[in-house]
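A.B. asks: One file: structure-v4.txt (compact mmCIF, C-alpha atoms).
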# COMPACT_ATOMS: atom_id res chain seq x y z
CA MET I 52 0.00 0.00 0.00
CA LEU I 53 1.40 3.33 -1.06
CA ASP I 54 1.33 6.34 1.19
CA VAL I 55 1.56 9.91 0.00
CA ALA I 56 5.31 10.10 0.70
CA ASP I 57 5.83 7.12 -1.60
CA ARG I 58 3.70 8.71 -4.29
CA LEU I 59 5.53 12.03 -4.20
CA ALA I 60 8.88 10.23 -4.17
CA ILE I 61 7.78 8.41 -7.32
CA HIS I 62 6.79 11.72 -8.91
CA GLU I 63 10.28 13.02 -8.21
CA VAL I 64 12.00 9.95 -9.64
CA VAL I 65 10.06 10.44 -12.85
CA GLY I 66 11.14 14.09 -12.82
CA LEU I 67 14.76 13.30 -12.06
CA TYR I 68 15.00 11.16 -15.20
CA GLY I 69 14.92 14.27 -17.39
CA HIS I 70 17.59 16.05 -15.39
CA LEU I 71 20.01 13.13 -15.54
CA LEU I 72 19.41 12.51 -19.22
CA ASP I 73 19.71 16.14 -20.26
CA ASP I 74 22.80 16.68 -18.10
CA ARG I 75 24.35 13.43 -19.38
CA GLU I 76 24.82 12.26 -15.78
CA TRP I 77 25.07 8.61 -16.74
CA SER I 78 26.78 7.66 -13.48
CA ARG I 79 23.64 8.71 -11.59
CA LEU I 80 21.15 6.64 -13.62
CA GLY I 81 20.94 4.22 -10.69
CA GLU I 82 19.06 6.95 -8.83
CA VAL I 83 16.22 6.46 -11.30
CA PHE I 84 16.40 2.84 -12.46
CA THR I 85 16.83 -0.53 -10.75
CA ASP I 86 19.86 -2.57 -11.74
CA ASP I 87 17.65 -4.92 -13.72
CA ALA I 88 15.48 -2.23 -15.29
CA VAL I 89 13.97 -2.96 -18.68
CA PHE I 90 13.80 0.13 -20.87
CA ASP I 91 11.68 -0.43 -23.92
CA GLY I 92 11.88 2.28 -26.52
CA ARG I 93 10.57 0.07 -29.32
CA PRO I 94 7.07 1.57 -29.46
CA ALA I 95 8.78 4.90 -30.11
CA GLY I 96 11.07 3.45 -32.77
CA GLY I 97 13.94 2.81 -30.39
CA THR I 98 15.50 -0.26 -28.87
CA VAL I 99 15.11 -2.28 -25.71
CA THR I 100 17.71 -2.70 -22.97
CA ARG I 101 17.44 -5.17 -20.13
CA THR I 102 19.83 -3.95 -17.44
CA LEU I 103 20.93 -0.61 -16.09
CA ASP I 104 24.40 -1.14 -17.56
CA GLU I 105 22.94 -1.77 -20.99
CA LEU I 106 20.78 1.32 -20.66
CA ARG I 107 23.76 3.43 -19.65
CA ASP I 108 25.70 2.21 -22.67
CA HIS I 109 22.75 2.89 -24.89
CA PHE I 110 22.13 6.41 -23.59
CA SER I 111 25.79 7.39 -23.68
CA GLY I 112 26.47 5.90 -27.10
CA ASP I 113 27.35 8.04 -30.07
CA GLU I 114 24.60 6.63 -32.24
CA LEU I 115 21.77 7.97 -30.11
CA GLN I 116 20.63 11.51 -30.72
CA HIS I 117 18.93 12.94 -27.66
CA PRO I 118 16.45 15.78 -27.88
CA LEU I 119 17.50 19.03 -26.24
CA ALA I 120 15.45 18.37 -23.11
CA HIS I 121 13.00 16.01 -21.47
CA HIS I 122 10.14 17.54 -19.51
CA ALA I 123 7.94 15.29 -17.37
CA THR I 124 4.24 16.02 -16.85
CA ASN I 125 0.93 14.28 -16.04
CA ILE I 126 2.42 11.84 -13.55
CA VAL I 127 -0.20 9.43 -12.23
CA VAL I 128 0.73 6.60 -9.85
CA TYR I 129 -1.53 3.60 -9.38
CA GLU I 130 -1.48 0.06 -8.05
CA GLU I 131 -2.69 -2.88 -10.04
CA SER I 132 -2.57 -6.41 -8.63
CA GLY I 133 0.20 -5.49 -6.23
CA VAL I 134 2.32 -3.82 -8.90
CA VAL I 135 2.96 -0.10 -8.70
CA ARG I 136 2.60 1.53 -12.08
CA VAL I 137 3.04 5.06 -13.32
CA VAL I 138 1.77 6.68 -16.43
CA SER I 139 3.25 10.03 -17.35
CA LYS I 140 3.83 12.27 -20.31
CA GLY I 141 6.97 13.80 -21.62
CA ILE I 142 7.68 16.78 -23.77
CA ALA I 143 10.80 16.32 -25.82
CA VAL I 144 12.12 19.72 -26.83
CA GLY I 145 13.96 19.78 -30.12
CA TYR I 146 16.89 21.95 -31.07
CA ARG I 147 14.74 24.31 -33.06
CA GLY I 148 12.10 24.79 -30.38
CA ARG I 149 9.55 22.35 -31.70
CA VAL I 150 8.41 19.57 -29.44
CA GLY I 151 7.33 15.96 -29.46
CA SER I 152 4.87 14.40 -27.05
CA ILE I 153 5.72 11.14 -25.33
CA VAL I 154 3.84 8.76 -23.03
CA TYR I 155 5.77 6.71 -20.48
CA ARG I 156 4.35 3.55 -18.95
CA ASP I 157 6.45 2.52 -15.95
CA VAL I 158 6.60 -0.16 -13.32
CA VAL I 159 8.25 1.13 -10.16
CA ARG I 160 9.72 -0.81 -7.30
CA ARG I 161 10.68 0.10 -3.76
CA THR I 162 14.38 -0.55 -3.14
CA GLU I 163 16.56 0.11 -0.12
CA ALA I 164 17.69 3.32 -1.76
CA GLY I 165 14.15 4.45 -2.58
CA TRP I 166 11.68 4.10 -5.42
CA ARG I 167 13.13 3.18 -8.78
CA LEU I 168 11.84 2.47 -12.27
CA ALA I 169 12.01 -1.27 -12.92
CA GLU I 170 10.40 -0.99 -16.33
CA ARG I 171 9.82 1.91 -18.68
CA VAL I 172 7.97 1.70 -21.98
CA VAL I 173 8.24 4.75 -24.22
CA LEU I 174 5.44 5.61 -26.63
CA LEU I 175 5.31 8.50 -29.02
CA ARG I 176 2.03 10.34 -29.08
CA LEU I 177 1.02 10.29 -32.70
CA PRO I 178 -2.17 11.54 -34.32
CA SER I 179 -4.86 8.89 -34.59
CA SER I 180 -6.16 8.32 -38.09
CA SER I 181 -9.42 10.00 -37.14
CA ASP I 182 -7.70 13.19 -36.04
CA ALA I 183 -7.67 16.05 -38.43
CA THR I 184 -4.21 17.39 -39.10
CA GLU I 185 -3.34 20.92 -38.34
CA MET O 101 -9.30 21.15 5.44
CA LEU O 102 -7.05 19.51 2.87
CA ASP O 103 -4.26 17.22 3.87
CA VAL O 104 -1.28 16.45 1.69
CA ALA O 105 -2.83 13.20 0.40
CA ASP O 106 -5.82 15.18 -0.83
CA ARG O 107 -3.56 17.70 -2.49
CA LEU O 108 -1.48 15.10 -4.31
CA ALA O 109 -4.63 13.23 -5.36
CA ILE O 110 -5.89 16.47 -6.87
CA HIS O 111 -2.59 16.93 -8.71
CA GLU O 112 -3.03 13.47 -10.20
CA VAL O 113 -6.62 14.09 -11.28
CA VAL O 114 -5.45 17.19 -13.14
CA GLY O 115 -2.72 15.05 -14.74
CA LEU O 116 -5.08 12.22 -15.60
CA TYR O 117 -7.24 14.57 -17.66
CA GLY O 118 -4.58 14.76 -20.37
CA HIS O 119 -4.15 11.00 -20.55
CA LEU O 120 -7.87 10.33 -20.94
CA LEU O 121 -8.33 13.08 -23.48
CA ASP O 122 -5.32 12.15 -25.58
CA ASP O 123 -6.16 8.43 -25.46
CA ARG O 124 -9.82 9.13 -26.27
CA GLU O 125 -10.87 7.19 -23.17
CA TRP O 126 -14.27 8.86 -22.96
CA SER O 127 -15.74 6.09 -20.82
CA ARG O 128 -13.26 6.98 -18.09
CA LEU O 129 -14.02 10.73 -17.94
CA GLY O 130 -15.90 10.09 -14.69
CA GLU O 131 -12.51 9.47 -13.09
CA VAL O 132 -11.75 13.16 -13.61
CA PHE O 133 -15.10 14.97 -13.55
CA THR O 134 -18.18 14.89 -11.32
CA ASP O 135 -21.45 13.92 -12.99
CA ASP O 136 -22.60 17.52 -12.85
CA ALA O 137 -19.31 19.06 -13.91
CA VAL O 138 -19.43 22.36 -15.76
CA PHE O 139 -16.73 22.62 -18.43
CA ASP O 140 -16.40 26.11 -19.74
CA GLY O 141 -14.24 26.46 -22.81
CA ARG O 142 -15.73 29.80 -23.84
CA PRO O 143 -12.80 31.97 -22.70
CA ALA O 144 -10.69 29.86 -25.10
CA GLY O 145 -13.16 30.17 -27.94
CA GLY O 146 -14.94 26.90 -27.15
CA THR O 147 -18.30 25.98 -25.72
CA VAL O 148 -19.73 25.23 -22.30
CA THR O 149 -21.17 21.90 -21.18
CA ARG O 150 -23.09 21.39 -17.94
CA THR O 151 -22.97 17.65 -17.24
CA LEU O 152 -20.46 14.87 -17.67
CA ASP O 153 -22.62 13.31 -20.40
CA GLU O 154 -22.68 16.55 -22.33
CA LEU O 155 -18.92 16.87 -21.95
CA ARG O 156 -18.39 13.33 -23.20
CA ASP O 157 -20.53 14.02 -26.24
CA HIS O 158 -18.67 17.22 -26.86
CA PHE O 159 -15.21 15.70 -26.55
CA SER O 160 -16.04 12.68 -28.67
CA GLY O 161 -17.87 14.62 -31.35
CA ASP O 162 -16.56 14.90 -34.89
CA GLU O 163 -16.65 18.66 -34.94
CA LEU O 164 -14.03 19.08 -32.22
CA GLN O 165 -10.41 19.01 -33.26
CA HIS O 166 -8.19 18.04 -30.35
CA PRO O 167 -4.54 18.98 -30.19
CA LEU O 168 -2.06 16.12 -30.34
CA ALA O 169 -1.51 16.11 -26.58
CA HIS O 170 -2.37 17.88 -23.34
CA HIS O 171 0.43 18.34 -20.81
CA ALA O 172 -0.41 19.58 -17.31
CA THR O 173 1.98 21.78 -15.33
CA ASN O 174 2.01 24.41 -12.56
CA ILE O 175 -0.70 22.75 -10.49
CA VAL O 176 -1.54 24.83 -7.41
CA VAL O 177 -4.34 23.82 -5.03
CA TYR O 178 -5.92 26.30 -2.64
CA GLU O 179 -8.99 26.79 -0.51
CA GLU O 180 -11.14 29.86 -0.68
CA SER O 181 -14.23 30.24 1.49
CA GLY O 182 -14.59 26.50 1.85
CA VAL O 183 -14.24 25.83 -1.87
CA VAL O 184 -11.23 23.91 -3.13
CA ARG O 185 -9.81 25.50 -6.24
CA VAL O 186 -6.96 24.60 -8.54
CA VAL O 187 -5.10 26.72 -10.98
CA SER O 188 -2.88 24.93 -13.46
CA LYS O 189 -1.33 25.38 -16.85
CA GLY O 190 -1.51 23.22 -19.89
CA ILE O 191 0.68 22.83 -22.91
CA ALA O 192 -1.30 21.83 -25.96
CA VAL O 193 1.03 20.21 -28.45
CA GLY O 194 0.03 20.66 -32.05
CA TYR O 195 0.54 18.25 -34.93
CA ARG O 196 3.51 20.15 -36.24
CA GLY O 197 5.30 20.41 -32.92
CA ARG O 198 4.27 23.91 -32.02
CA VAL O 199 2.48 24.49 -28.77
CA GLY O 200 -0.21 26.59 -27.18
CA SER O 201 -0.30 27.63 -23.55
CA ILE O 202 -3.48 27.20 -21.55
CA VAL O 203 -4.59 28.16 -18.04
CA TYR O 204 -7.15 26.03 -16.25
CA ARG O 205 -9.22 27.34 -13.34
CA ASP O 206 -10.94 24.45 -11.58
CA VAL O 207 -13.22 23.82 -8.65
CA VAL O 208 -12.68 20.34 -7.24
CA ARG O 209 -14.94 18.34 -5.00
CA ARG O 210 -14.40 15.30 -2.82
CA THR O 211 -16.65 12.42 -3.90
CA GLU O 212 -16.94 8.86 -2.64
CA ALA O 213 -14.70 7.79 -5.51
CA GLY O 214 -12.09 10.49 -4.82
CA TRP O 215 -11.42 14.05 -5.87
CA ARG O 216 -13.09 15.20 -9.07
CA LEU O 217 -13.29 18.39 -11.11
CA ALA O 218 -16.71 19.97 -10.59
CA GLU O 219 -15.89 22.99 -12.71
CA ARG O 220 -13.18 23.71 -15.26
CA VAL O 221 -12.69 27.01 -17.01
CA VAL O 222 -10.24 26.99 -19.93
CA LEU O 223 -8.31 30.12 -20.82
CA LEU O 224 -5.83 30.52 -23.62
CA ARG O 225 -2.69 32.34 -22.66
CA LEU O 226 -2.46 35.16 -25.15
CA PRO O 227 0.02 37.99 -25.32
CA SER O 228 -1.08 41.09 -23.45
CA SER O 229 -1.16 44.24 -25.52
CA SER O 230 1.89 45.51 -23.69
CA ASP O 231 3.97 42.47 -24.57
CA ALA O 232 6.33 42.77 -27.42
CA THR O 233 5.85 40.12 -30.05
CA GLU O 234 8.60 37.80 -30.95
CA MET J 188 14.02 17.45 7.95
CA LEU J 189 11.38 17.80 5.27
CA ASP J 190 8.11 15.99 5.44
CA VAL J 191 5.92 15.28 2.46
CA ALA J 192 3.69 18.31 3.12
CA ASP J 193 6.78 20.52 2.95
CA ARG J 194 7.86 18.89 -0.29
CA LEU J 195 4.49 19.28 -1.99
CA ALA J 196 4.25 22.89 -0.76
CA ILE J 197 7.63 23.52 -2.39
CA HIS J 198 6.39 21.93 -5.63
CA GLU J 199 3.47 24.34 -5.61
CA VAL J 200 5.62 27.40 -4.95
CA VAL J 201 7.71 26.47 -7.98
CA GLY J 202 4.48 26.11 -9.97
CA LEU J 203 3.01 29.37 -8.69
CA TYR J 204 5.98 31.29 -10.07
CA GLY J 205 4.76 30.77 -13.63
CA HIS J 206 1.24 31.90 -12.83
CA LEU J 207 2.36 35.11 -11.17
CA LEU J 208 4.86 35.91 -13.90
CA ASP J 209 2.52 35.20 -16.79
CA ASP J 210 -0.36 37.08 -15.14
CA ARG J 211 1.92 40.01 -14.27
CA GLU J 212 0.87 39.74 -10.62
CA TRP J 213 3.91 41.55 -9.35
CA SER J 214 2.27 42.42 -6.03
CA ARG J 215 2.05 38.71 -5.24
CA LEU J 216 5.72 37.87 -5.88
CA GLY J 217 6.22 37.66 -2.11
CA GLU J 218 4.18 34.45 -2.23
CA VAL J 219 7.07 32.87 -4.14
CA PHE J 220 10.22 34.67 -3.03
CA THR J 221 11.70 35.75 0.29
CA ASP J 222 12.28 39.46 0.79
CA ASP J 223 16.00 38.95 0.36
CA ALA J 224 15.78 36.54 -2.55
CA VAL J 225 18.64 36.49 -5.02
CA PHE J 226 17.47 35.91 -8.56
CA ASP J 227 20.34 35.16 -10.88
CA GLY J 228 19.47 35.14 -14.55
CA ARG J 229 23.06 35.63 -15.69
CA PRO J 230 23.65 32.05 -16.82
CA ALA J 231 20.69 32.56 -19.16
CA GLY J 232 21.97 35.90 -20.40
CA GLY J 233 19.97 37.95 -17.93
CA THR J 234 20.78 39.97 -14.85
CA VAL J 235 20.97 39.39 -11.13
CA THR J 236 18.75 41.02 -8.51
CA ARG J 237 19.36 40.80 -4.77
CA THR J 238 16.05 41.66 -3.12
CA LEU J 239 12.39 41.02 -3.84
CA ASP J 240 11.88 44.71 -4.56
CA GLU J 241 14.66 44.69 -7.10
CA LEU J 242 13.22 41.57 -8.70
CA ARG J 243 9.77 43.14 -8.91
CA ASP J 244 11.22 46.21 -10.59
CA HIS J 245 13.16 44.03 -12.97
CA PHE J 246 10.21 41.82 -13.91
CA SER J 247 7.81 44.72 -14.34
CA GLY J 248 10.23 46.90 -16.27
CA ASP J 249 9.67 47.82 -19.89
CA GLU J 250 13.02 46.56 -21.03
CA LEU J 251 12.33 42.93 -20.17
CA GLN J 252 10.52 40.84 -22.75
CA HIS J 253 8.81 37.90 -21.13
CA PRO J 254 7.95 34.77 -23.03
CA LEU J 255 4.26 34.02 -23.48
CA ALA J 256 4.20 31.49 -20.63
CA HIS J 257 6.34 29.68 -18.07
CA HIS J 258 5.58 26.01 -17.47
CA ALA J 259 7.26 24.23 -14.56
CA THR J 260 8.20 20.54 -14.74
CA ASN J 261 10.63 18.01 -13.27
CA ILE J 262 10.57 19.44 -9.75
CA VAL J 263 12.95 17.58 -7.45
CA VAL J 264 13.48 18.69 -3.84
CA TYR J 265 16.54 17.63 -1.88
CA GLU J 266 18.52 18.54 1.21
CA GLU J 267 22.22 19.13 1.17
CA SER J 268 24.11 20.07 4.32
CA GLY J 269 20.99 21.47 5.93
CA VAL J 270 20.04 23.55 2.90
CA VAL J 271 16.87 22.71 1.01
CA ARG J 272 17.45 22.84 -2.72
CA VAL J 273 15.21 22.34 -5.70
CA VAL J 274 16.08 21.58 -9.26
CA SER J 275 13.34 21.96 -11.81
CA LYS J 276 12.82 22.56 -15.48
CA GLY J 277 10.84 25.19 -17.26
CA ILE J 278 9.33 25.41 -20.69
CA ALA J 279 9.20 28.95 -21.95
CA VAL J 280 6.53 29.19 -24.63
CA GLY J 281 7.20 31.80 -27.26
CA TYR J 282 4.67 33.91 -29.10
CA ARG J 283 4.89 31.78 -32.20
CA GLY J 284 4.48 28.45 -30.40
CA ARG J 285 8.10 27.48 -30.25
CA VAL J 286 9.63 26.77 -26.88
CA GLY J 287 12.83 27.12 -24.92
CA SER J 288 13.98 24.77 -22.20
CA ILE J 289 15.19 26.16 -18.89
CA VAL J 290 16.74 24.66 -15.77
CA TYR J 291 16.14 26.32 -12.40
CA ARG J 292 18.40 25.75 -9.42
CA ASP J 293 16.77 27.06 -6.27
CA VAL J 294 17.43 27.35 -2.57
CA VAL J 295 14.18 27.39 -0.62
CA ARG J 296 13.58 28.53 2.93
CA ARG J 297 10.77 28.00 5.38
CA THR J 298 9.21 31.30 6.45
CA GLU J 299 6.28 32.08 8.69
CA ALA J 300 4.13 32.41 5.58
CA GLY J 301 5.34 29.13 4.09
CA TRP J 302 8.12 27.94 1.80
CA ARG J 303 9.72 30.56 -0.36
CA LEU J 304 12.54 30.74 -2.92
CA ALA J 305 15.55 32.41 -1.33
CA GLU J 306 17.71 31.92 -4.39
CA ARG J 307 16.95 31.08 -8.00
CA VAL J 308 19.54 30.52 -10.68
CA VAL J 309 18.24 30.35 -14.24
CA LEU J 310 20.04 28.29 -16.85
CA LEU J 311 19.11 27.87 -20.47
CA ARG J 312 19.30 24.34 -21.74
CA LEU J 313 21.56 24.55 -24.74
CA PRO J 314 22.88 21.79 -26.96
CA SER J 315 26.23 20.44 -25.86
CA SER J 316 28.91 20.56 -28.50
CA SER J 317 28.72 16.80 -28.84
CA ASP J 318 25.02 16.84 -29.61
CA ALA J 319 24.01 16.57 -33.18
CA THR J 320 21.76 19.38 -34.31
CA GLU J 321 18.36 18.72 -35.65
Can I see the file as structure tokens?
C.D. replies:
Amino acid sequence: MLDVADRLAIHEVVGLYGHLLDDREWSRLGEVFTDDAVFDGRPAGGTVTRTLDELRDHFSGDELQHPLAHHATNIVVYEESGVVRVVSKGIAVGYRGRVGSIVYRDVVRRTEAGWRLAERVVLLRLPSSSDATE
Amino acid sequence: MLDVADRLAIHEVVGLYGHLLDDREWSRLGEVFTDDAVFDGRPAGGTVTRTLDELRDHFSGDELQHPLAHHATNIVVYEESGVVRVVSKGIAVGYRGRVGSIVYRDVVRRTEAGWRLAERVVLLRLPSSSDATE
Amino acid sequence: MLDVADRLAIHEVVGLYGHLLDDREWSRLGEVFTDDAVFDGRPAGGTVTRTLDELRDHFSGDELQHPLAHHATNIVVYEESGVVRVVSKGIAVGYRGRVGSIVYRDVVRRTEAGWRLAERVVLLRLPSSSDATE
């Protein structure tokens, strides 16, 4: 059962992700993810990594082009069958001031060091076929 | 009197709004709004609805063009003469990666199912006449 | 030692900043800043002010061009050697719908009226030289 301190701590972990990524603080990624975290960027056209070390390599690699900044919004924490899940949104700011909209679906886990993401699935928010285009 | 659990629950309801809207989960709108919620989009050039059913019809109707995504920020909860109010900001992401800035003025009410928006007024953030244009 | 009510109150002060700025509510700036607050915009190409009165004059002055809106995200509160610090991000929305990404580094202090920013340093998020451009 989550109390409000847990919930706010989870909000901050989701927020910290953007700071670490944008500041390229790869050595601090363990403050956000568990050691065995699965990061699944495939729904957004990316790749999947299955440990924190793999994720660190992936994020710090030359082949990956990061947006200018990652802004976290719409953080909602909920429990489902004993699993703590988070859905949130991200705004990826591009180098020319345009943005993309992301949805994150996370599983979080309480560790001795605090709440961490054990699983993150990244989805791009794309127009549905029934949406008019601007 | 609001405690911190109430306040954080209200933050999450304001955040959930964007998820439901962007995912077209109209059947779940009752997780955000009371049955008698008044949604007033007139200050942003929209219309007003006076029940949850009306709002659902309005949101799901063909005539309404939704932005790509709704991101909630700057959520501030306060009490005023026994009424719980929220002011927040929204970023509406357009299909070409440009954004609009929104202000939401809400009245929230505690229901048996949790905190819900009983009133939402939507304002577009527009330049004041004294602001220089970019 | 911070409890969760303190932390959420600090989140809301960081959020309130954008409302007051964008609504030009200069008389309410004392709800966000201490009287002796140092606001350092130099890392973002701006100026430094050393009291609330100076900041109010600076913000309300004709020479300063504000963006259309200030959206606060990624708020993380932490204690360091007895000082309460906050790191957050901001999205500055421009008049043509493009955005800039900001990082705020704050020191906050508990006052009789509640938590206030005693120091705010404003940094623009700029591409590192190793980042590819879009």
A.B. asks: Pull out every residue of chain J sitting within 6 Å of chain O, counting all atoms listed in the file, and send them as a ChimeraX atom specification.
C.D. replies: /J:192,199,202,258-259,282,284-285
A.B. asks: Go ahead and compute the interatomic distance for CA of Val172 (chain I) and CA of Ile110 (chain O), in Å to one decimal.
C.D. replies: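 Taking CA of Val172 (chain I) as the start and CA of Ile110 (chain O) as the end point, the length is 25.3 Å.
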A.B. asks: Could you check which residues have any atom within 8 Å of (-6.7, 10.9, -9.9), counting all atoms listed in the file with coordinates taken straight from the file, and then list them as a list in words?
C.D. replies: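 It turns out the residues near that spot are Val127 of chain I; Ala109, Ile110, His111, Glu112, Val113, Val114, Gly115, Leu116, Glu131, Val132, Gly214, Trp215 and Arg216 of chain O.
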A.B. asks: Quick one: everything within 9 Å of Leu106 (chain I), counting only C-alpha atoms, minus sequence neighbours fewer than 6 positions away in the same chain. Send it as a PyMOL selection string.
C.D. replies: chain I and resi 80+88-90+99-100
A.B. asks: Just give me the gap between CA of Phe133 (chain O) and CA of Leu217 (chain O) in Å, one decimal is fine.
C.D. replies: 4.6 Å
A.B. asks: Could you please determine the separation between CA of Arg124 (chain O) and CA of Pro94 (chain I) in Å, to one decimal place?
C.D. replies: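 Atom-to-atom, CA of Arg124 (chain O) to CA of Pro94 (chain I), that is 18.8 Å.
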